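Everything on this sheet refers to the single structure shown next.
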Amino acid sequence: MTNPYGFLRIPRRPVPARPVEERLDDWHEVYAGQALLPLVSEQAGRCMDCGIPFCHSGCPLGNLIPEWNVYAAHDDWRAASERLHATNNFPEFTGRLCPAPCEDACVLAINADPVTIKNVEQAIADEAWERGYTPPQPPGRLSGKTVAVIGSGPAGLAAAQQLTRVGHTVAVYERADRIGGLLRYGIPEFKMEKQYLDRRIEQMRAEGTKFRTGADVGGELDAAEVRRRYDAVVVAVGAMERRELPVPGRELSGIHQAMDYLTLANRVREGDYAAPPVTAEGKHVVIIGGGDTASDCLGTALRQGAASVVQLDINPEPGDDRPDTQPWPVTHPKVYRISHAHEEARGREGTDPRLFSSATLRFEGDEAGRVRELHLTEVEPTARKPRPGTEQMIPAELVLVALGFSGPERGSGLMEQLGLTLDGRGNFARDGAFAAEAAQADAPEAAYATEATEAAPQARRTGRPRTDGVFIAGDAGRGQSLVVWAIAEGRAAAAATDRYLTGSTALPAPITPTDRPLVA
């Protein structure tokens with residue numbers, strides 16, 4: 001067990017980030033070179049090993065947090081790695097990228113500071129790789145079944161690794177020129193250096209997973225033909241249908257979707273460009289949106305040398321404490337949070353770069369059609385209607401639209417060629433033919449099959465696309481979400497696919513398609 005008095009005597013001490021001035025001069029991770037040990041072992045000793053560990057329910061992966069906290073507290077990194085990898089394929093990703101809802105669900109968070117679970121997770125993952133505790137796990141025998149995974153983000157990679165390890169022959173199709181999806185081109189280097197992604201991909205290759213880049217399934221590659229070639233297909237293409245900002249002046253040059261901007265910046269780090277085609281250097285930058293993508297744009301713009309950066313968030317500024325309307329432990333509270341990028345902006349300007357309760361009214365440009373000004377207004381907290389008399393203008397030479405995503409891309413060809421449909425939220429529909437059968441068989445993961453599976457026999461008779469054996473994983477079926485939900489989706493979809501191929505499965509299914517995080 002951990003120190004029974006640890007939570008009483010040891011204060012919370014997160015691993016410190018590098019100084020702001022230092023990290024703004026490079027693209028390395030904010031924690032690069034910072035010693036995780038022995039600090040993390042001491043912090044793991046704060047875990048109370050609760051009889052009912054609510055941190056489990058805070059994480060969709062069902063991570064065995066108290067168990068690996070005990071091993072980390074005693075420097076047993078092999079055992080800690082085994083328990084961590086029992087529920088999570090890629091803890092070095094989640095330890096760097098996840099906002100840690102598990103910490104908000106920690107029992108200590110009721111009236112004290114929670115355990116630094118995210119730091120402990122990253123330390124275990126990094127120590128496991130350093131000590132050679134994560135060798136490839138190729139299957140002992142092959143099943144003779146083949147699976148195509150369309151998309152190589154965290155959901156697709158998790159599904160592919162699970163299915164490969166139980167003996168299926170898996171090929172991952174990625175339309176970009178490199179494997180990784182948003183992990184590759186959407187996440188800046190200062191949040192996760194790509195060496196960790198490349199290392200996992202090489203592990204998966206050694207296990208037998210095949211990768212096909214530049215493979216646009218639904219475009220140049222007919223998805224129906226891919227389905228005919230494989231025994232099953234997992235669709236994990238993410239939710240990349242971007243939300244737009246329909247206001248006057250949107251057509252001006254210098255206004256870009258955030259993901260396009262981040263992709264170009266990441267391609268510079270990959271060596272594709274000597275300098276970014278779209279840069280914030282010397283410009284007044286405005287970022288529209290209040291989520292993680294907006295924060296990533298902020299950190300990127302600061303490193304490119306922006307003259308100034310303002311971030312507009314339509315939501316009101318939250319308080320410092322969990323409101324009574326967002327009870328512990330079932331909700332991830334909306335409290336005032338500062339990302340590393342916000343910290344960097346505050347260190348440079350002295351103030352928070354965010355303007356809360358603010359909405360864009362219009363853009364104005366110069367005679368050459370370039371954006372130069374953004375007109376905004378304050379909005380009412382609930383109705384989000386403009387507040388009279390609050391309009392103001394701010395300079396804007398580069399505007400980044402980071403308003404999130406509304407489901408998988410329309411017009412990609414996948415829907416038509418695989419016979420997929422959309423649910424009421426704009427995501428690929430599932431929970432179809434197998435839902436009732438799955439409930440009776442105590443196999444809820446089977447509901448990851450597409451709704452079109454019900455029509456599969458008739459489709460074969462009429463020549464329509466073959467849709468049985470098609471499974472939806474990740475944001476394509478759930479909508480935009482966190483990396484932990486994507487990995488959990490990939491693991492559950494892999495269990496459903498394995499059951500479809502073999503009649504049973506020993507693979508874990510941590511969630512069902514209808515599971516959702518509780519939010520206020």
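A note on labels: chains of the structure tokens are A, B, ... as shown, every chain counts residues from 1, and ligands are counted from 1 in their shown order.
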### Task
Using only C-alpha atoms, determine which residues lie at most 6 Å from Gly249 of chain A, disregarding the query and same-chain residues fewer than 4 positions distant; provide the list as a list in words.
Arg362, Phe363 and Glu364 of chain A
Please extract the residues of segment 250-451 of chain A with a backbone DSSP assignment of helix (DSSP H, G or I) and present them as a CSV table (one decimal) with N, CA and C atoms, in the first residue's frame.
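Written output follows (result.csv):
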```csv
chain,number,residue,atom,x,y,z
A,258,ALA,N,-8.4,26.8,-37.8
A,258,ALA,CA,-7.3,26.5,-36.8
A,258,ALA,C,-6.6,25.3,-37.2
A,259,MET,N,-7.3,24.2,-37.6
A,259,MET,CA,-6.6,23.0,-37.9
A,259,MET,C,-5.7,23.1,-39.1
A,260,ASP,N,-6.0,23.9,-40.1
A,260,ASP,CA,-5.1,24.2,-41.2
A,260,ASP,C,-3.9,24.9,-40.8
A,261,TYR,N,-4.0,25.8,-39.9
A,261,TYR,CA,-2.9,26.5,-39.3
A,261,TYR,C,-1.9,25.6,-38.5
A,262,LEU,N,-2.5,24.8,-37.7
A,262,LEU,CA,-1.7,23.9,-36.9
A,262,LEU,C,-1.0,22.8,-37.7
A,263,THR,N,-1.7,22.3,-38.8
A,263,THR,CA,-1.1,21.3,-39.6
A,263,THR,C,0.1,21.9,-40.3
A,264,LEU,N,0.0,23.1,-40.8
A,264,LEU,CA,1.2,23.7,-41.5
A,264,LEU,C,2.4,23.9,-40.5
A,265,ALA,N,2.0,24.3,-39.3
A,265,ALA,CA,3.1,24.5,-38.3
A,265,ALA,C,3.8,23.2,-38.0
A,266,ASN,N,3.0,22.1,-37.9
A,266,ASN,CA,3.5,20.8,-37.6
A,266,ASN,C,4.3,20.3,-38.8
A,267,ARG,N,3.9,20.6,-40.0
A,267,ARG,CA,4.7,20.2,-41.2
A,267,ARG,C,6.1,20.8,-41.2
A,268,VAL,N,6.2,22.0,-40.7
A,268,VAL,CA,7.5,22.7,-40.5
A,268,VAL,C,8.4,21.8,-39.6
A,269,ARG,N,7.8,21.3,-38.5
A,269,ARG,CA,8.6,20.5,-37.6
A,269,ARG,C,9.0,19.2,-38.2
A,270,GLU,N,8.1,18.7,-39.1
A,270,GLU,CA,8.4,17.4,-39.8
A,270,GLU,C,9.5,17.6,-41.0
A,292,ASP,N,-9.3,23.4,-26.5
A,292,ASP,CA,-7.9,23.0,-26.5
A,292,ASP,C,-7.3,23.4,-27.8
A,293,THR,N,-8.0,23.3,-28.9
A,293,THR,CA,-7.4,23.7,-30.2
A,293,THR,C,-7.1,25.2,-30.2
A,294,ALA,N,-7.9,26.0,-29.6
A,294,ALA,CA,-7.6,27.4,-29.5
A,294,ALA,C,-6.3,27.7,-28.7
A,295,SER,N,-6.2,26.9,-27.6
A,295,SER,CA,-5.0,27.0,-26.8
A,295,SER,C,-3.8,26.6,-27.6
A,296,ASP,N,-3.9,25.5,-28.4
A,296,ASP,CA,-2.8,25.1,-29.2
A,296,ASP,C,-2.4,26.2,-30.2
A,297,CYS,N,-3.3,26.9,-30.8
A,297,CYS,CA,-3.0,28.0,-31.7
A,297,CYS,C,-2.3,29.1,-30.9
A,298,LEU,N,-2.7,29.3,-29.7
A,298,LEU,CA,-2.1,30.4,-28.9
A,298,LEU,C,-0.6,30.1,-28.7
A,299,GLY,N,-0.3,28.9,-28.2
A,299,GLY,CA,1.1,28.5,-28.0
A,299,GLY,C,1.9,28.6,-29.3
A,300,THR,N,1.3,28.2,-30.4
A,300,THR,CA,2.0,28.2,-31.7
A,300,THR,C,2.3,29.6,-32.1
A,301,ALA,N,1.3,30.5,-32.0
A,301,ALA,CA,1.4,31.9,-32.5
A,301,ALA,C,2.5,32.6,-31.6
A,302,LEU,N,2.5,32.3,-30.3
A,302,LEU,CA,3.6,32.9,-29.5
A,302,LEU,C,5.0,32.5,-29.9
A,303,ARG,N,5.1,31.2,-30.2
A,303,ARG,CA,6.4,30.7,-30.7
A,303,ARG,C,6.8,31.2,-32.0
A,304,GLN,N,5.8,31.5,-32.9
A,304,GLN,CA,6.2,32.1,-34.2
A,304,GLN,C,6.5,33.6,-34.1
A,340,HIS,N,-0.8,25.8,-20.5
A,340,HIS,CA,0.6,26.2,-20.6
A,340,HIS,C,0.7,27.4,-21.5
A,341,ALA,N,-0.1,27.4,-22.6
A,341,ALA,CA,-0.1,28.5,-23.6
A,341,ALA,C,-0.6,29.8,-22.9
A,342,HIS,N,-1.7,29.7,-22.1
A,342,HIS,CA,-2.2,30.8,-21.4
A,342,HIS,C,-1.2,31.4,-20.4
A,343,GLU,N,-0.5,30.5,-19.8
A,343,GLU,CA,0.6,30.9,-18.9
A,343,GLU,C,1.7,31.6,-19.6
A,344,GLU,N,2.0,31.2,-20.8
A,344,GLU,CA,3.0,31.8,-21.6
A,344,GLU,C,2.6,33.2,-22.1
A,345,ALA,N,1.3,33.3,-22.5
A,345,ALA,CA,0.8,34.6,-22.9
A,345,ALA,C,0.7,35.6,-21.7
A,346,ARG,N,0.4,35.1,-20.5
A,346,ARG,CA,0.3,36.0,-19.3
A,346,ARG,C,1.7,36.4,-18.9
A,347,GLY,N,2.7,35.5,-19.1
A,347,GLY,CA,4.0,35.8,-18.7
A,347,GLY,C,4.6,36.9,-19.7
A,348,ARG,N,4.1,36.9,-20.9
A,348,ARG,CA,4.6,37.9,-21.8
A,348,ARG,C,3.9,39.2,-21.8
A,349,GLU,N,2.5,39.2,-21.6
A,349,GLU,CA,1.7,40.4,-21.6
A,349,GLU,C,1.3,40.9,-20.2
A,414,LEU,N,-17.1,8.1,-48.1
A,414,LEU,CA,-17.3,6.9,-47.2
A,414,LEU,C,-18.8,6.6,-46.9
A,415,MET,N,-19.6,7.6,-46.7
A,415,MET,CA,-21.0,7.4,-46.4
A,415,MET,C,-21.7,6.6,-47.5
A,416,GLU,N,-21.5,7.1,-48.7
A,416,GLU,CA,-22.2,6.5,-49.8
A,416,GLU,C,-21.7,5.1,-50.2
A,417,GLN,N,-20.3,5.0,-50.1
A,417,GLN,CA,-19.7,3.8,-50.6
A,417,GLN,C,-19.9,2.6,-49.5
A,418,LEU,N,-20.0,3.0,-48.3
A,418,LEU,CA,-20.2,2.0,-47.2
A,418,LEU,C,-21.6,1.9,-46.8
A,434,PHE,N,-27.1,-5.0,-34.0
A,434,PHE,CA,-26.6,-5.8,-32.9
A,434,PHE,C,-27.0,-5.4,-31.6
A,435,ALA,N,-27.7,-4.2,-31.5
A,435,ALA,CA,-27.9,-3.6,-30.2
A,435,ALA,C,-28.7,-4.5,-29.3
A,436,ALA,N,-29.9,-5.0,-29.7
A,436,ALA,CA,-30.8,-5.8,-28.9
A,436,ALA,C,-30.1,-7.2,-28.6
A,437,GLU,N,-29.5,-7.7,-29.7
A,437,GLU,CA,-28.8,-9.0,-29.6
A,437,GLU,C,-27.6,-8.9,-28.6
A,438,ALA,N,-26.9,-7.7,-28.7
A,438,ALA,CA,-25.8,-7.5,-27.8
A,438,ALA,C,-26.2,-7.5,-26.4
A,439,ALA,N,-27.3,-6.8,-26.1
A,439,ALA,CA,-27.8,-6.7,-24.7
A,439,ALA,C,-28.1,-8.1,-24.2
A,440,GLN,N,-28.8,-9.0,-25.0
A,440,GLN,CA,-29.1,-10.3,-24.5
A,440,GLN,C,-27.9,-11.2,-24.3
A,444,PRO,N,-22.2,-5.7,-24.9
A,444,PRO,CA,-22.6,-4.3,-25.3
A,444,PRO,C,-21.7,-3.7,-26.4
A,445,GLU,N,-20.4,-4.2,-26.4
A,445,GLU,CA,-19.5,-3.7,-27.4
A,445,GLU,C,-19.9,-3.9,-28.9
A,446,ALA,N,-20.8,-4.9,-29.1
A,446,ALA,CA,-21.3,-5.3,-30.4
A,446,ALA,C,-22.1,-4.1,-31.0
A,447,ALA,N,-22.6,-3.2,-30.2
A,447,ALA,CA,-23.3,-2.1,-30.7
A,447,ALA,C,-22.5,-1.1,-31.5
A,448,TYR,N,-21.1,-1.3,-31.6
A,448,TYR,CA,-20.3,-0.5,-32.4
A,448,TYR,C,-20.5,-0.8,-33.9
A,451,GLU,N,-25.5,1.0,-38.1
A,451,GLU,CA,-26.9,0.7,-38.2
A,451,GLU,C,-27.3,0.0,-39.5
```
### Message
So that I can check the surroundings of Pro388 of chain A, please list as a list in words every protein, DNA and RNA residue that reaches within 9 Å of it, counting only C-alpha atoms and ignoring chain neighbours fewer than 5 positions away.
### Response
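Contacts, in chain order: Thr377, Glu378 and Val379 of chain A.
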Convert the current residue selection to file output with N, CA, C and O atoms, as a compact mmCIF listing (two decimals), in the first residue's frame.
```
# COMPACT_ATOMS: atom_id res chain seq x y z
N THR A 377 -18.44 41.98 -29.68
CA THR A 377 -19.39 42.48 -28.71
C THR A 377 -19.41 41.55 -27.51
O THR A 377 -19.12 40.35 -27.62
N GLU A 378 -19.74 42.09 -26.36
CA GLU A 378 -20.01 41.24 -25.21
C GLU A 378 -21.38 40.59 -25.39
O GLU A 378 -22.26 41.13 -26.06
N VAL A 379 -21.55 39.39 -24.81
CA VAL A 379 -22.81 38.67 -24.95
C VAL A 379 -23.36 38.33 -23.57
O VAL A 379 -22.62 38.25 -22.58
```
### Query
At what distance in Å, to one decimal, does atom CA of Ser143 of chain A lie from atom CA of Thr169 of chain A?
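We find that atom CA of Thr169 of chain A and atom CA of Ser143 of chain A lie 7.8 Å from each other.
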### Message
Which residues are close to Leu142 of chain A, i.e. within 8 Å by only C-alpha atoms, leaving aside same-chain residues fewer than 5 positions away? Reply as number ranges by chain.
### Response
A: 166-169
### Message
Set the distance at 12 Å and use only C-alpha atoms: which residues neighbour Pro11 of chain A once local chain neighbours fewer than 4 positions away are removed? I'd like the list as a ChimeraX atom specification.
### Response
/A:5-7,39,42-47,108,112-116
### Query
Any idea what's packed within 8 Å of segment 63-75 of chain A, counting only C-alpha atoms, ignoring anything in its chain fewer than 2 positions away? Could you give it as a VMD selection string?
chain A and resid 1 to 2 40 to 45 47 to 50 53 55 to 56 59 to 61 77 79 to 81 83 to 84 87 to 88 117 120 124
### Task
Counting only C-alpha atoms, figure out which residue out of A:Ile187, A:Ala32, A:Leu182, A:Cys98 gets nearest to Ala239 of chain A.
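The shortest atom-to-atom distance to Ala239 of chain A comes from A:Leu182.
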### Message
For a quick check of understanding, using only C-alpha atoms, which of A:Arg242, A:Ile150, A:His284, A:Gly95 has the smallest distance to Lys210 of chain A?
### Response
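For Lys210 of chain A, the nearest of the candidates is A:Ile150.
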### Message
So that I can see what lies close to Gly33 of chain A, please list as a list in words the residues with an atom at most 10 Å from it, counting only C-alpha atoms and leaving out residues fewer than 4 positions away in the same chain.
### Response
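That gives Ala17, Arg18, His28 and Glu29 of chain A.
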With N, CA, C and O atoms retained, write the just-selected residues as an mmCIF file, in the first residue's frame.
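Final output, out_15.cif:
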```cif
data_model
loop_
_atom_site.group_PDB
_atom_site.id
_atom_site.type_symbol
_atom_site.label_atom_id
_atom_site.label_comp_id
_atom_site.auth_asym_id
_atom_site.auth_seq_id
_atom_site.Cartn_x
_atom_site.Cartn_y
_atom_site.Cartn_z
ATOM 1 N N ALA A 17 6.843 22.950 -15.028
ATOM 2 C CA ALA A 17 7.166 23.181 -16.436
ATOM 3 C C ALA A 17 8.436 24.024 -16.530
ATOM 4 O O ALA A 17 8.855 24.674 -15.562
ATOM 5 N N ARG A 18 9.036 24.009 -17.694
ATOM 6 C CA ARG A 18 10.209 24.854 -17.911
ATOM 7 C C ARG A 18 9.808 26.326 -17.828
ATOM 8 O O ARG A 18 8.638 26.675 -18.045
ATOM 9 N N HIS A 28 10.220 22.321 -28.053
ATOM 10 C CA HIS A 28 10.238 21.125 -27.216
ATOM 11 C C HIS A 28 9.065 21.150 -26.240
ATOM 12 O O HIS A 28 8.475 22.209 -25.967
ATOM 13 N N GLU A 29 8.765 19.994 -25.679
ATOM 14 C CA GLU A 29 7.669 19.912 -24.721
ATOM 15 C C GLU A 29 7.924 20.839 -23.538
ATOM 16 O O GLU A 29 9.070 21.090 -23.151
#
```
### Query
What is the distance between atom CA of Glu121 of chain A and atom CA of Ala488 of chain A, in Å to one decimal?
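Value for the atom CA of Glu121 of chain A-atom CA of Ala488 of chain A distance: 16.3 Å.
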### Separation of atom CA of Arg141 of chain A from atom CA of Arg229 of chain A, in Å and rounded to one decimal
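A separation of 21.4 Å between them.
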### Of the listed residues A:Leu312, A:Thr450, A:Leu8, A:Gly289, that which approaches Asn111 of chain A most closely, counting only C-alpha atoms
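Ranking A:Leu312, A:Thr450, A:Leu8, A:Gly289 by distance to Asn111 of chain A, first place goes to A:Leu8.
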### Message
Could you go through segment 5-204 of chain A and tell me which residues DSSP, when run on the backbone, assigns to strand (DSSP E or B), listing them as a list in words?
### Response
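Restricting segment 5-204 of chain A to strand (DSSP E or B) produces Thr146, Val147, Ala148, Val149, Ile150, Thr169, Val170, Ala171, Val172, Tyr173 and Glu174 of chain A.
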### Task
Return the single residue from A:Glu380, A:Pro138, A:Ser57, A:Tyr133 that is closest to Glu103 of chain A, with distances computed using only C-alpha atoms.
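Among the listed residues, A:Ser57 lies closest to Glu103 of chain A.
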